[in-house]
$ cat final-v1.csv   # CSV, C-alpha atoms
chain,number,residue,atom,x,y,z
A,208,MET,CA,-73.0,68.0,-54.1
A,209,SER,CA,-70.8,65.8,-51.9
A,210,SER,CA,-67.3,65.2,-53.1
A,211,GLY,CA,-64.6,62.6,-52.5
A,212,ILE,CA,-64.7,58.9,-53.4
A,213,ARG,CA,-64.0,55.8,-51.2
A,214,PHE,CA,-63.7,52.2,-52.3
A,215,ASP,CA,-64.1,49.9,-49.4
A,216,ARG,CA,-62.9,46.4,-50.4
A,217,VAL,CA,-64.8,46.6,-53.7
A,218,SER,CA,-64.8,43.5,-55.8
A,219,VAL,CA,-66.6,42.9,-59.1
A,220,ALA,CA,-66.9,39.6,-60.9
A,221,TYR,CA,-68.3,38.5,-64.3
A,222,GLY,CA,-69.3,34.9,-64.8
A,223,GLY,CA,-67.0,33.8,-62.0
A,224,THR,CA,-64.0,35.8,-63.2
A,225,THR,CA,-62.9,38.6,-60.8
A,226,VAL,CA,-62.3,41.8,-62.7
A,227,LEU,CA,-61.8,44.0,-59.7
A,228,ASP,CA,-60.3,42.5,-56.5
A,229,ALA,CA,-60.9,44.0,-53.1
A,230,LEU,CA,-60.1,47.6,-54.1
A,231,ASP,CA,-59.3,49.9,-51.1
A,232,LEU,CA,-58.8,53.5,-52.4
A,233,THR,CA,-59.7,57.0,-51.3
A,234,VAL,CA,-60.0,60.0,-53.6
A,235,GLU,CA,-59.9,63.1,-51.5
A,236,PRO,CA,-62.3,66.0,-52.1
A,237,GLY,CA,-60.9,68.2,-54.9
A,238,GLU,CA,-58.3,65.6,-55.8
A,239,VAL,CA,-57.5,64.3,-59.3
A,240,MET,CA,-56.8,60.6,-59.1
A,241,ALA,CA,-55.7,58.8,-62.2
A,242,LEU,CA,-56.3,55.1,-62.5
A,243,LEU,CA,-53.4,53.9,-64.7
A,244,GLY,CA,-52.9,50.4,-66.0
A,245,PRO,CA,-53.0,48.2,-69.1
A,246,SER,CA,-56.2,46.9,-70.7
A,247,GLY,CA,-58.0,44.5,-68.5
A,248,SER,CA,-56.4,45.8,-65.3
A,249,GLY,CA,-59.7,46.7,-63.6
A,250,LYS,CA,-59.5,50.5,-63.9
A,251,THR,CA,-62.6,51.1,-66.0
A,252,THR,CA,-64.5,48.6,-63.9
A,253,ALA,CA,-63.6,50.7,-60.8
A,254,LEU,CA,-64.9,53.8,-62.5
A,255,ARG,CA,-68.1,52.1,-63.6
A,256,ALA,CA,-68.7,50.9,-60.0
A,257,VAL,CA,-68.6,54.6,-58.9
A,258,ALA,CA,-70.9,55.6,-61.7
A,259,GLY,CA,-73.4,52.8,-60.7
A,260,PHE,CA,-73.2,50.9,-64.0
A,261,VAL,CA,-71.9,47.8,-62.3
A,262,ARG,CA,-72.9,46.4,-58.9
A,263,PRO,CA,-70.0,45.1,-56.7
A,264,ALA,CA,-70.1,41.5,-55.7
A,265,SER,CA,-68.7,42.7,-52.3
A,266,GLY,CA,-67.6,45.9,-50.7
A,267,ARG,CA,-69.0,49.4,-50.7
A,268,VAL,CA,-68.7,52.6,-52.7
A,269,PHE,CA,-68.9,56.0,-51.0
A,270,ILE,CA,-69.3,59.4,-52.5
A,271,GLY,CA,-68.6,61.9,-49.8
A,272,GLU,CA,-70.1,60.4,-46.7
A,273,ARG,CA,-72.9,58.6,-48.6
A,274,ASP,CA,-72.9,54.9,-49.2
A,275,VAL,CA,-74.0,54.9,-52.9
A,276,THR,CA,-73.4,51.2,-53.6
A,277,ALA,CA,-77.1,50.5,-54.1
A,278,LEU,CA,-78.1,53.8,-55.6
A,279,PRO,CA,-78.9,54.2,-59.3
A,280,PRO,CA,-76.5,56.4,-61.4
A,281,HIS,CA,-78.8,59.4,-61.6
A,282,ARG,CA,-78.9,59.7,-57.8
A,283,ARG,CA,-75.2,59.7,-57.2
A,284,GLY,CA,-74.4,63.4,-58.1
A,285,ILE,CA,-71.7,62.5,-60.7
A,286,GLY,CA,-70.7,63.8,-64.1
A,287,MET,CA,-69.2,61.4,-66.6
A,288,VAL,CA,-67.2,61.7,-69.9
A,289,VAL,CA,-66.3,58.7,-72.0
A,290,GLN,CA,-64.0,58.4,-75.0
A,291,GLN,CA,-66.8,58.1,-77.6
A,292,TYR,CA,-68.3,61.5,-76.4
A,293,ALA,CA,-71.8,60.0,-76.7
A,294,LEU,CA,-73.4,63.2,-78.0
A,295,PHE,CA,-76.8,63.0,-79.5
A,296,PRO,CA,-76.3,63.8,-83.3
A,297,HIS,CA,-79.9,65.2,-83.8
A,298,MET,CA,-79.5,67.7,-80.9
A,299,ARG,CA,-77.7,71.1,-81.1
A,300,VAL,CA,-74.8,71.7,-78.7
A,301,ALA,CA,-76.9,73.6,-76.2
A,302,ASP,CA,-79.5,70.8,-76.1
A,303,ASN,CA,-76.8,68.2,-75.6
A,304,VAL,CA,-75.4,70.1,-72.6
A,305,ALA,CA,-78.9,70.6,-71.2
A,306,PHE,CA,-79.8,66.9,-71.4
A,307,GLY,CA,-78.5,65.9,-68.0
A,308,LEU,CA,-80.2,68.8,-66.3
A,309,LYS,CA,-83.5,67.9,-67.9
A,310,ALA,CA,-83.1,64.3,-66.9
A,311,ARG,CA,-82.7,65.4,-63.3
A,312,LYS,CA,-85.8,67.6,-63.7
A,313,ALA,CA,-83.9,70.9,-63.1
A,314,ALA,CA,-86.1,74.0,-63.1
A,315,LYS,CA,-86.5,75.4,-66.6
A,316,SER,CA,-85.4,78.8,-65.2
A,317,GLU,CA,-82.1,77.3,-64.2
A,318,ILE,CA,-81.3,75.3,-67.3
A,319,ALA,CA,-80.4,78.1,-69.7
A,320,GLY,CA,-78.0,79.7,-67.2
A,321,ARG,CA,-76.3,76.4,-66.3
A,322,VAL,CA,-75.8,75.5,-70.0
A,323,ALA,CA,-74.3,78.9,-70.8
A,324,GLU,CA,-72.0,78.6,-67.7
A,325,ALA,CA,-70.8,75.2,-68.7
A,326,LEU,CA,-70.2,76.2,-72.4
A,327,GLU,CA,-68.3,79.3,-71.3
A,328,MET,CA,-66.2,77.3,-68.9
A,329,THR,CA,-65.2,74.9,-71.7
A,330,GLY,CA,-64.7,77.6,-74.4
A,331,MET,CA,-67.7,76.4,-76.5
A,332,ALA,CA,-70.1,79.3,-75.9
A,333,ALA,CA,-69.9,80.3,-79.6
A,334,TYR,CA,-70.9,76.9,-80.8
A,335,ALA,CA,-74.2,76.5,-78.9
A,336,ARG,CA,-76.4,76.3,-82.0
A,337,ARG,CA,-74.2,73.9,-83.9
A,338,TYR,CA,-74.8,70.1,-84.3
A,339,PRO,CA,-72.1,67.6,-83.3
A,340,ARG,CA,-71.3,66.8,-86.9
A,341,GLU,CA,-70.3,70.4,-87.4
A,342,LEU,CA,-67.6,70.1,-84.7
A,343,SER,CA,-64.1,68.7,-84.6
A,344,GLY,CA,-63.2,65.8,-82.3
A,345,GLY,CA,-61.7,68.1,-79.8
A,346,GLN,CA,-64.8,70.4,-79.8
A,347,GLN,CA,-67.1,67.4,-79.4
A,348,GLN,CA,-65.1,66.4,-76.4
A,349,ARG,CA,-65.4,69.9,-74.9
A,350,VAL,CA,-69.2,69.6,-75.3
A,351,ALA,CA,-69.2,66.2,-73.5
A,352,ILE,CA,-67.2,67.8,-70.7
A,353,ALA,CA,-69.6,70.8,-70.6
A,354,ARG,CA,-72.6,68.4,-70.3
A,355,ALA,CA,-70.9,66.7,-67.4
A,356,LEU,CA,-70.2,70.0,-65.7
A,357,ALA,CA,-73.6,71.5,-66.2
A,358,VAL,CA,-75.1,69.3,-63.5
A,359,ARG,CA,-72.5,70.7,-61.1
A,360,PRO,CA,-71.3,67.3,-59.9
A,361,GLY,CA,-69.3,66.7,-56.8
A,362,VAL,CA,-67.5,63.9,-58.7
A,363,LEU,CA,-66.4,63.9,-62.3
A,364,LEU,CA,-65.5,60.6,-63.9
A,365,LEU,CA,-63.4,60.6,-67.1
A,366,ASP,CA,-63.0,57.3,-68.9
A,367,GLU,CA,-60.1,57.5,-71.5
A,368,PRO,CA,-61.5,60.9,-72.5
A,369,LEU,CA,-58.7,61.8,-74.9
A,370,SER,CA,-57.8,58.5,-76.5
A,371,ALA,CA,-59.7,59.3,-79.7
A,372,LEU,CA,-57.9,62.6,-80.2
A,373,ASP,CA,-54.6,63.1,-82.1
A,374,ALA,CA,-51.4,64.1,-80.3
A,375,GLN,CA,-51.8,67.8,-80.7
A,376,LEU,CA,-55.4,67.9,-79.7
A,377,ARG,CA,-54.7,65.6,-76.7
A,378,SER,CA,-52.0,68.0,-75.5
A,379,GLY,CA,-54.4,71.0,-75.7
A,380,MET,CA,-57.2,69.1,-74.0
A,381,LEU,CA,-54.8,68.1,-71.1
A,382,ALA,CA,-54.1,71.8,-70.6
A,383,GLU,CA,-57.9,72.6,-70.7
A,384,LEU,CA,-58.6,69.8,-68.1
A,385,ALA,CA,-55.9,71.2,-65.8
A,386,ARG,CA,-57.4,74.7,-66.1
A,387,LEU,CA,-60.9,73.4,-65.4
A,388,HIS,CA,-59.6,71.6,-62.3
A,389,ARG,CA,-58.2,74.9,-61.1
A,390,GLU,CA,-61.5,76.6,-61.6
A,391,LEU,CA,-63.4,73.7,-59.9
A,392,PRO,CA,-61.2,73.0,-56.8
A,393,ASP,CA,-64.0,71.2,-54.9
A,394,VAL,CA,-64.7,68.6,-57.6
A,395,SER,CA,-63.1,65.2,-57.2
A,396,ILE,CA,-61.9,63.7,-60.5
A,397,LEU,CA,-61.4,60.1,-61.2
A,398,TYR,CA,-59.5,59.8,-64.5
A,399,VAL,CA,-59.0,56.4,-66.2
A,400,THR,CA,-56.2,56.1,-68.7
A,401,HIS,CA,-53.5,53.8,-70.0
A,402,ASP,CA,-51.4,56.9,-71.1
A,403,GLN,CA,-48.5,57.6,-68.7
A,404,VAL,CA,-48.2,61.2,-69.9
A,405,GLU,CA,-51.8,62.0,-69.2
A,406,ALA,CA,-51.5,60.6,-65.7
A,407,LEU,CA,-48.2,62.3,-64.9
A,408,THR,CA,-49.5,65.6,-66.3
A,409,LEU,CA,-52.9,65.9,-64.7
A,410,ALA,CA,-53.1,63.8,-61.6
A,411,ASP,CA,-52.4,64.7,-58.0
A,412,ARG,CA,-52.0,61.0,-57.3
A,413,ILE,CA,-51.8,57.9,-59.5
A,414,ALA,CA,-53.3,54.5,-58.6
A,415,VAL,CA,-51.5,51.8,-60.6
A,416,MET,CA,-53.7,48.9,-61.5
A,417,ASP,CA,-52.8,45.4,-62.9
A,418,ARG,CA,-54.7,42.1,-63.1
A,419,ALA,CA,-57.7,43.4,-61.2
A,420,ARG,CA,-55.7,44.7,-58.3
A,421,LEU,CA,-54.3,48.0,-57.0
A,422,ARG,CA,-50.5,47.6,-57.2
A,423,ASP,CA,-49.3,51.0,-56.1
A,424,CYS,CA,-50.5,54.5,-55.3
A,425,GLY,CA,-48.7,57.8,-54.8
A,426,THR,CA,-47.9,61.2,-56.3
A,427,PRO,CA,-46.5,61.2,-59.8
A,428,GLN,CA,-43.2,62.3,-58.4
A,429,GLN,CA,-43.1,59.4,-55.9
A,430,LEU,CA,-44.0,56.8,-58.4
A,431,TYR,CA,-41.6,58.1,-61.0
A,432,ARG,CA,-38.6,58.8,-58.8
A,433,ALA,CA,-38.9,56.1,-56.2
A,434,PRO,CA,-41.1,53.2,-57.5
A,435,ARG,CA,-41.7,50.3,-55.1
A,436,THR,CA,-42.2,47.6,-57.7
A,437,GLU,CA,-40.9,46.6,-61.1
A,438,PHE,CA,-44.4,46.9,-62.5
A,439,THR,CA,-44.7,50.5,-61.3
A,440,ALA,CA,-41.2,51.3,-62.5
A,441,SER,CA,-41.9,50.0,-66.0
A,442,PHE,CA,-45.5,51.4,-66.4
A,443,VAL,CA,-45.0,54.8,-64.9
A,444,GLY,CA,-42.4,56.2,-67.4
A,445,ASP,CA,-39.7,54.1,-69.0
A,446,ALA,CA,-37.0,52.4,-67.0
A,447,ASN,CA,-33.9,50.3,-67.1
A,448,LEU,CA,-34.5,47.3,-64.8
A,449,LEU,CA,-31.1,45.7,-64.1
A,450,ALA,CA,-30.9,42.4,-62.4
A,451,VAL,CA,-28.2,42.9,-59.7
A,452,THR,CA,-26.8,41.2,-56.6
A,453,VAL,CA,-26.3,43.1,-53.4
A,454,ARG,CA,-22.7,43.0,-52.4
A,455,THR,CA,-21.9,45.3,-49.5
A,456,ALA,CA,-23.4,48.5,-48.0
A,457,GLY,CA,-23.8,50.8,-51.0
A,458,ALA,CA,-22.7,48.4,-53.7
A,459,VAL,CA,-24.2,45.9,-56.1
A,460,SER,CA,-22.9,43.8,-58.9
A,461,PHE,CA,-24.3,43.7,-62.5
A,462,GLY,CA,-22.9,41.6,-65.3
A,463,GLY,CA,-19.3,41.8,-64.0
A,464,PHE,CA,-19.5,45.5,-63.1
A,465,GLU,CA,-19.6,46.8,-59.5
A,466,LEU,CA,-22.1,49.7,-59.1
A,467,ARG,CA,-22.8,52.1,-56.3
A,468,ALA,CA,-26.4,52.4,-55.1
A,469,ASP,CA,-28.4,52.9,-51.9
A,470,THR,CA,-28.7,49.4,-50.5
A,471,ALA,CA,-30.2,50.3,-47.1
A,472,ASP,CA,-32.1,47.4,-45.6
A,473,ALA,CA,-30.9,45.1,-48.4
A,474,VAL,CA,-29.3,41.8,-47.4
A,475,PRO,CA,-25.8,41.1,-48.9
A,476,GLY,CA,-26.0,38.3,-51.4
A,477,ALA,CA,-29.7,39.0,-52.2
A,478,ALA,CA,-31.0,39.3,-55.7
A,479,ALA,CA,-32.6,42.6,-56.5
A,480,THR,CA,-33.5,44.9,-59.4
A,481,LEU,CA,-31.8,48.3,-60.0
A,482,CYS,CA,-34.1,50.9,-61.6
A,483,VAL,CA,-32.5,53.7,-63.6
A,484,ARG,CA,-34.5,56.1,-65.9
A,485,PRO,CA,-33.0,56.2,-69.4
A,486,HIS,CA,-32.7,60.1,-69.4
A,487,LEU,CA,-30.5,59.8,-66.4
A,488,VAL,CA,-28.0,57.6,-68.2
A,489,GLY,CA,-25.2,59.7,-69.8
A,490,LEU,CA,-22.8,59.0,-72.6
A,491,GLY,CA,-19.1,58.8,-71.6
A,492,ASP,CA,-17.1,57.9,-68.5
A,493,GLY,CA,-18.4,58.8,-65.0
A,494,PRO,CA,-19.7,57.2,-61.9
A,495,ASN,CA,-21.2,53.7,-62.3
A,496,ALA,CA,-19.7,53.4,-65.8
A,497,LEU,CA,-20.8,50.5,-68.0
A,498,THR,CA,-19.1,49.6,-71.3
A,499,GLY,CA,-20.8,47.7,-74.0
A,500,ARG,CA,-21.7,47.6,-77.7
A,501,VAL,CA,-24.5,49.5,-79.4
A,502,ALA,CA,-27.3,47.2,-80.4
A,503,GLU,CA,-29.7,49.9,-81.7
A,504,VAL,CA,-29.9,53.6,-82.3
A,505,GLN,CA,-33.2,55.5,-82.4
A,506,TRP,CA,-33.5,59.1,-83.4
A,507,ARG,CA,-36.3,60.9,-81.4
A,508,GLY,CA,-35.9,64.4,-82.5
A,509,ALA,CA,-34.4,66.2,-79.5
A,510,THR,CA,-32.7,63.0,-78.3
A,511,HIS,CA,-31.1,59.8,-79.5
A,512,ARG,CA,-32.0,56.6,-77.7
A,513,LEU,CA,-29.1,54.2,-77.5
A,514,HIS,CA,-29.6,50.5,-76.7
A,515,ILE,CA,-26.4,49.1,-75.4
A,516,GLU,CA,-25.6,45.5,-74.6
A,517,VAL,CA,-23.4,45.4,-71.5
A,518,GLY,CA,-22.1,42.8,-69.1
A,519,GLU,CA,-21.5,39.1,-69.2
A,520,GLY,CA,-25.1,38.3,-70.1
A,521,GLY,CA,-25.5,41.0,-72.8
A,522,ALA,CA,-28.3,42.8,-70.9
A,523,ARG,CA,-29.5,45.9,-72.6
A,524,VAL,CA,-29.3,49.4,-71.1
A,525,LYS,CA,-31.2,52.3,-72.6
A,526,ALA,CA,-29.7,55.8,-72.6
A,527,ASP,CA,-31.6,58.9,-73.8
A,528,VAL,CA,-28.9,61.4,-74.8
A,529,ARG,CA,-29.2,64.9,-76.4
A,530,GLU,CA,-29.3,64.6,-80.2
A,531,LEU,CA,-25.9,63.7,-81.5
A,532,ARG,CA,-24.4,65.1,-84.7
A,533,THR,CA,-22.6,61.8,-85.3
A,534,PRO,CA,-24.3,59.1,-83.2
A,535,PRO,CA,-22.4,55.8,-82.7
A,536,GLY,CA,-23.2,53.0,-85.0
A,537,VAL,CA,-24.5,49.5,-84.3
A,538,GLY,CA,-21.6,47.4,-83.0
A,539,ASP,CA,-19.6,50.4,-81.8
A,540,GLU,CA,-18.2,50.2,-78.2
A,541,VAL,CA,-19.4,52.9,-75.9
A,542,THR,CA,-19.4,53.8,-72.2
A,543,VAL,CA,-22.4,55.1,-70.4
A,544,HIS,CA,-22.8,56.1,-66.7
A,545,PHE,CA,-25.3,57.2,-64.1
A,546,ALA,CA,-25.2,58.8,-60.7
A,547,PRO,CA,-25.6,56.5,-57.7
A,548,GLN,CA,-28.4,58.8,-56.3
A,549,ASP,CA,-30.3,58.3,-59.6
A,550,ALA,CA,-30.7,54.6,-59.1
A,551,VAL,CA,-33.5,52.9,-57.0
A,552,LEU,CA,-33.0,49.4,-55.6
A,553,LEU,CA,-36.1,47.3,-55.9
A,554,SER,CA,-35.7,44.3,-53.6
A,555,ALA,CA,-36.7,40.9,-54.9
A,556,GLY,CA,-38.8,40.7,-51.7
A,557,VAL,CA,-41.0,43.5,-52.8
A,558,THR,CA,-43.7,42.1,-55.0
A,559,ASP,CA,-46.5,43.6,-57.1
A,560,GLY,CA,-49.2,42.1,-54.9

$ encode --input "final-v1.csv" --output "structure tokens"
Amino acid sequence: MSSGIRFDRVSVAYGGTTVLDALDLTVEPGEVMALLGPSGSGKTTALRAVAGFVRPASGRVFIGERDVTALPPHRRGIGMVVQQYALFPHMRVADNVAFGLKARKAAKSEIAGRVAEALEMTGMAAYARRYPRELSGGQQQRVAIARALAVRPGVLLLDEPLSALDAQLRSGMLAELARLHRELPDVSILYVTHDQVEALTLADRIAVMDRARLRDCGTPQQLYRAPRTEFTASFVGDANLLAVTVRTAGAVSFGGFELRADTADAVPGAAATLCVRPHLVGLGDGPNALTGRVAEVQWRGATHRLHIEVGEGGARVKADVRELRTPPGVGDEVTVHFAPQDAVLLSAGVTDG
């Protein structure tokens, strides 16, 4: 089957409301692309446009070199997994996995072998005779994935596939999906999620969506370490977003403190935002030191998160520090610091649109 997905200025509207606005995006053959964003951002609509469940108001959808915009779902060569699994309760596992093949009128001589192959690939071969009610949530999700893989799709669509699982099962399924991708290097995967960890763990690239539009796109490392916008910085991982004023080359002011940061291309006197990840903020004196009072202490197992009010306006800075035997109390004065190279300047001129 053909692989790769291309959105060419795809827009979708319901009742006059635009829910996907002129999306231009390419998923390369064999790539895992995560669509990440809050509810209502347009990510599931984009996936459904690829699946053929919604018709764009304008623009075109390509799978490989084929324009599939007007094709029905069963002619697009896709596999799809949704969060509700959608298994038929009256069918055994093997029959559920065979359903898509039968719907595509695959030869009977092929079906048994393809079903066995898909169940083996997902670790469910021993459960072929069971009914869905006899399986755990994680096992049901594996069956749903096996059903999608049995048709040997060029494109695999995953719509919040792990959201119904508990944390431990979700972690295990992420590892399984990563393994499956290694075994199916030619299959393009479009993965819809609002979970940052899932996107950072699985995706080759992440497309950040908000309010029906694509806001940013890049590798997980690019978006995490050097976000272009405040929305990306806050949605891909956690972030301190400090309102600063550019002073001179390599310096900004924040709440009465002068901090060092890369200010290349920034105009002196301009307002900007300095992005610093909480785990890069250390406790104690050092470069870019900030002194303030503890407003909140959260124990997170291996770390303590300190919320510290600093500066003339009492802005809060979050610091994730290794678990402390005796953490500071609320109201205590503390000093935190971060390295200049760990801060990213987001110019006020860079918008999310």

$ residues_around --input "final-v1.csv" --residues "Gln348 (chain A)" --least-positions-apart "6" --cutoff "10 Å" --atoms "all atoms listed in the file" --output "JSON list (two decimals) with C-alpha atoms, keeping the file's coordinate frame"
[["chain", "number", "residue", "atom", "x", "y", "z"],
["A", 288, "VAL", "CA", -67.20, 61.70, -69.90],
["A", 289, "VAL", "CA", -66.30, 58.70, -72.00],
["A", 290, "GLN", "CA", -64.00, 58.40, -75.00],
["A", 291, "GLN", "CA", -66.80, 58.10, -77.60],
["A", 292, "TYR", "CA", -68.30, 61.50, -76.40],
["A", 293, "ALA", "CA", -71.80, 60.00, -76.70],
["A", 294, "LEU", "CA", -73.40, 63.20, -78.00],
["A", 329, "THR", "CA", -65.20, 74.90, -71.70],
["A", 339, "PRO", "CA", -72.10, 67.60, -83.30],
["A", 342, "LEU", "CA", -67.60, 70.10, -84.70],
["A", 354, "ARG", "CA", -72.60, 68.40, -70.30],
["A", 368, "PRO", "CA", -61.50, 60.90, -72.50],
["A", 369, "LEU", "CA", -58.70, 61.80, -74.90],
["A", 371, "ALA", "CA", -59.70, 59.30, -79.70],
["A", 372, "LEU", "CA", -57.90, 62.60, -80.20],
["A", 380, "MET", "CA", -57.20, 69.10, -74.00]]

$ closest_residue --input "final-v1.csv" --among "A:Thr408, A:Ser343, A:Thr224, A:Thr400" --to "Ala382 (chain A)" --atoms "only C-alpha atoms"
A:Thr408

$ closest_residue --input "final-v1.csv" --among "A:Arg523, A:Arg336, A:Arg484, A:Arg349" --to "Val501 (chain A)" --atoms "all atoms listed in the file"
A:Arg523

$ residues_around --input "final-v1.csv" --residues "region 434-449 of chain A" --least-positions-apart "5" --cutoff "10 Å" --atoms "all atoms listed in the file" --output "ChimeraX atom specification"
/A:243-245,401-404,406-407,413-417,422-425,427-429,460-462,479-488,522-526,550-560

$ closest_residue --input "final-v1.csv" --among "A:Val304, A:Leu232, A:Leu397, A:Ala456" --to "Leu254 (chain A)" --atoms "only C-alpha atoms"
A:Leu397

$ closest_residue --input "final-v1.csv" --among "A:Ala323, A:Glu383, A:Met287, A:Leu227" --to "Asp366 (chain A)" --atoms "only C-alpha atoms"
A:Met287

$ closest_residue --input "final-v1.csv" --among "A:Phe295, A:Leu387, A:Ala458, A:Leu364" --to "Leu326 (chain A)" --atoms "all atoms listed in the file"
A:Leu387

$ atom_distance --input "final-v1.csv" --atom1 "CA of Val453 (chain A)" --atom2 "CA of Ala478 (chain A)"
6.5 Å

$ residues_around --input "final-v1.csv" --residues "Gly361 (chain A)" --least-positions-apart "3" --cutoff "10 Å" --atoms "only C-alpha atoms" --output "VMD selection string"
chain A and resid 208 to 212 236 to 237 270 to 271 283 to 286 356 358 391 393 to 396

$ atom_distance --input "final-v1.csv" --atom1 "CA of Leu242 (chain A)" --atom2 "CA of Glu405 (chain A)"
10.6 Å

$ atom_distance --input "final-v1.csv" --atom1 "CA of His297 (chain A)" --atom2 "CA of Tyr338 (chain A)"
7.1 Å

$ residues_around --input "final-v1.csv" --residues "Glu327 (chain A)" --least-positions-apart "6" --cutoff "10 Å" --atoms "all atoms listed in the file" --output "JSON, numbers by chain"
{"A": [321, 333, 353]}

$ axis_aligned_box --input "final-v1.csv" --around "region 497-511 of chain A" --padding-each-side "3 Å" --output "JSON"
{"center_x": -27.7, "center_y": 56.7, "center_z": -75.7, "size_x": 23.2, "size_y": 25.0, "size_z": 21.4}

$ residues_around --input "final-v1.csv" --residues "Val268 (chain A)" --least-positions-apart "4" --cutoff "8 Å" --atoms "all atoms listed in the file" --output "JSON, numbers by chain"
{"A": [212, 213, 214, 215, 217, 256, 257, 274, 275, 276]}

$ closest_residue --input "final-v1.csv" --among "A:Arg262, A:Arg337, A:Arg359, A:Arg420" --to "Gly307 (chain A)" --atoms "all atoms listed in the file"
A:Arg359

$ closest_atom_pairs --input "final-v1.csv" --of "region 416-531 of chain A" --to "region 537-543 of chain A" --cutoff "10 Å" --atoms "only C-alpha atoms" --output "tab-separated table"
residue	atom	partner	partner_atom	distance
A:Val488	CA	A:Val543	CA	6.5
A:Gly489	CA	A:Val543	CA	5.4
A:Leu490	CA	A:Val543	CA	4.5
A:Gly491	CA	A:Thr542	CA	5.0
A:Asp492	CA	A:Thr542	CA	6.0
A:Gly493	CA	A:Val543	CA	7.7
A:Pro494	CA	A:Val543	CA	9.2
A:Asn495	CA	A:Val543	CA	8.3
A:Ala496	CA	A:Val543	CA	5.6
A:Leu497	CA	A:Val543	CA	5.4
A:Thr498	CA	A:Thr542	CA	4.3
A:Gly499	CA	A:Glu540	CA	5.5
A:Arg500	CA	A:Glu540	CA	4.4
A:Val501	CA	A:Val537	CA	4.9
A:Ala502	CA	A:Val537	CA	5.3
A:Glu503	CA	A:Val537	CA	5.8
A:Val504	CA	A:Val537	CA	7.1
A:Leu513	CA	A:Val537	CA	9.5
A:His514	CA	A:Val537	CA	9.2
A:Ile515	CA	A:Val541	CA	8.0
A:Glu516	CA	A:Glu540	CA	9.5
A:Val517	CA	A:Thr542	CA	9.3
A:Val524	CA	A:Val543	CA	9.0
A:Lys525	CA	A:Val543	CA	9.5
A:Ala526	CA	A:Val543	CA	7.7

$ build_atoms --input "final-v1.csv" --residues "region 454-464 of chain A" --atoms "N, CA, C and O atoms" --output "compact mmCIF listing (two decimals), in the coordinates of the input"
# COMPACT_ATOMS: atom_id res chain seq x y z
N ARG A 454 -23.98 43.40 -52.84
CA ARG A 454 -22.70 43.00 -52.40
C ARG A 454 -22.41 43.44 -50.93
O ARG A 454 -22.40 42.67 -50.00
N THR A 455 -22.15 44.70 -50.77
CA THR A 455 -21.90 45.30 -49.50
C THR A 455 -22.76 46.53 -49.35
O THR A 455 -23.50 46.87 -50.26
N ALA A 456 -22.63 47.22 -48.21
CA ALA A 456 -23.40 48.50 -48.00
C ALA A 456 -23.03 49.44 -49.14
O ALA A 456 -21.88 49.82 -49.31
N GLY A 457 -24.02 49.81 -49.93
CA GLY A 457 -23.80 50.80 -51.00
C GLY A 457 -23.25 50.26 -52.26
O GLY A 457 -22.86 51.05 -53.13
N ALA A 458 -23.24 48.95 -52.46
CA ALA A 458 -22.70 48.40 -53.70
C ALA A 458 -23.47 47.19 -54.16
O ALA A 458 -23.97 46.38 -53.36
N VAL A 459 -23.60 47.07 -55.51
CA VAL A 459 -24.20 45.90 -56.10
C VAL A 459 -23.38 45.50 -57.32
O VAL A 459 -22.58 46.28 -57.83
N SER A 460 -23.56 44.25 -57.75
CA SER A 460 -22.90 43.80 -58.90
C SER A 460 -23.86 43.55 -60.06
O SER A 460 -25.00 43.12 -59.82
N PHE A 461 -23.41 43.86 -61.29
CA PHE A 461 -24.30 43.70 -62.50
C PHE A 461 -23.43 43.31 -63.65
O PHE A 461 -22.61 44.10 -64.13
N GLY A 462 -23.58 42.07 -64.09
CA GLY A 462 -22.90 41.60 -65.30
C GLY A 462 -21.39 41.79 -65.27
O GLY A 462 -20.78 42.09 -66.30
N GLY A 463 -20.78 41.63 -64.12
CA GLY A 463 -19.30 41.80 -64.00
C GLY A 463 -18.89 43.19 -63.61
O GLY A 463 -17.70 43.41 -63.36
N PHE A 464 -19.82 44.13 -63.52
CA PHE A 464 -19.50 45.50 -63.10
C PHE A 464 -19.96 45.66 -61.62
O PHE A 464 -20.96 45.09 -61.19
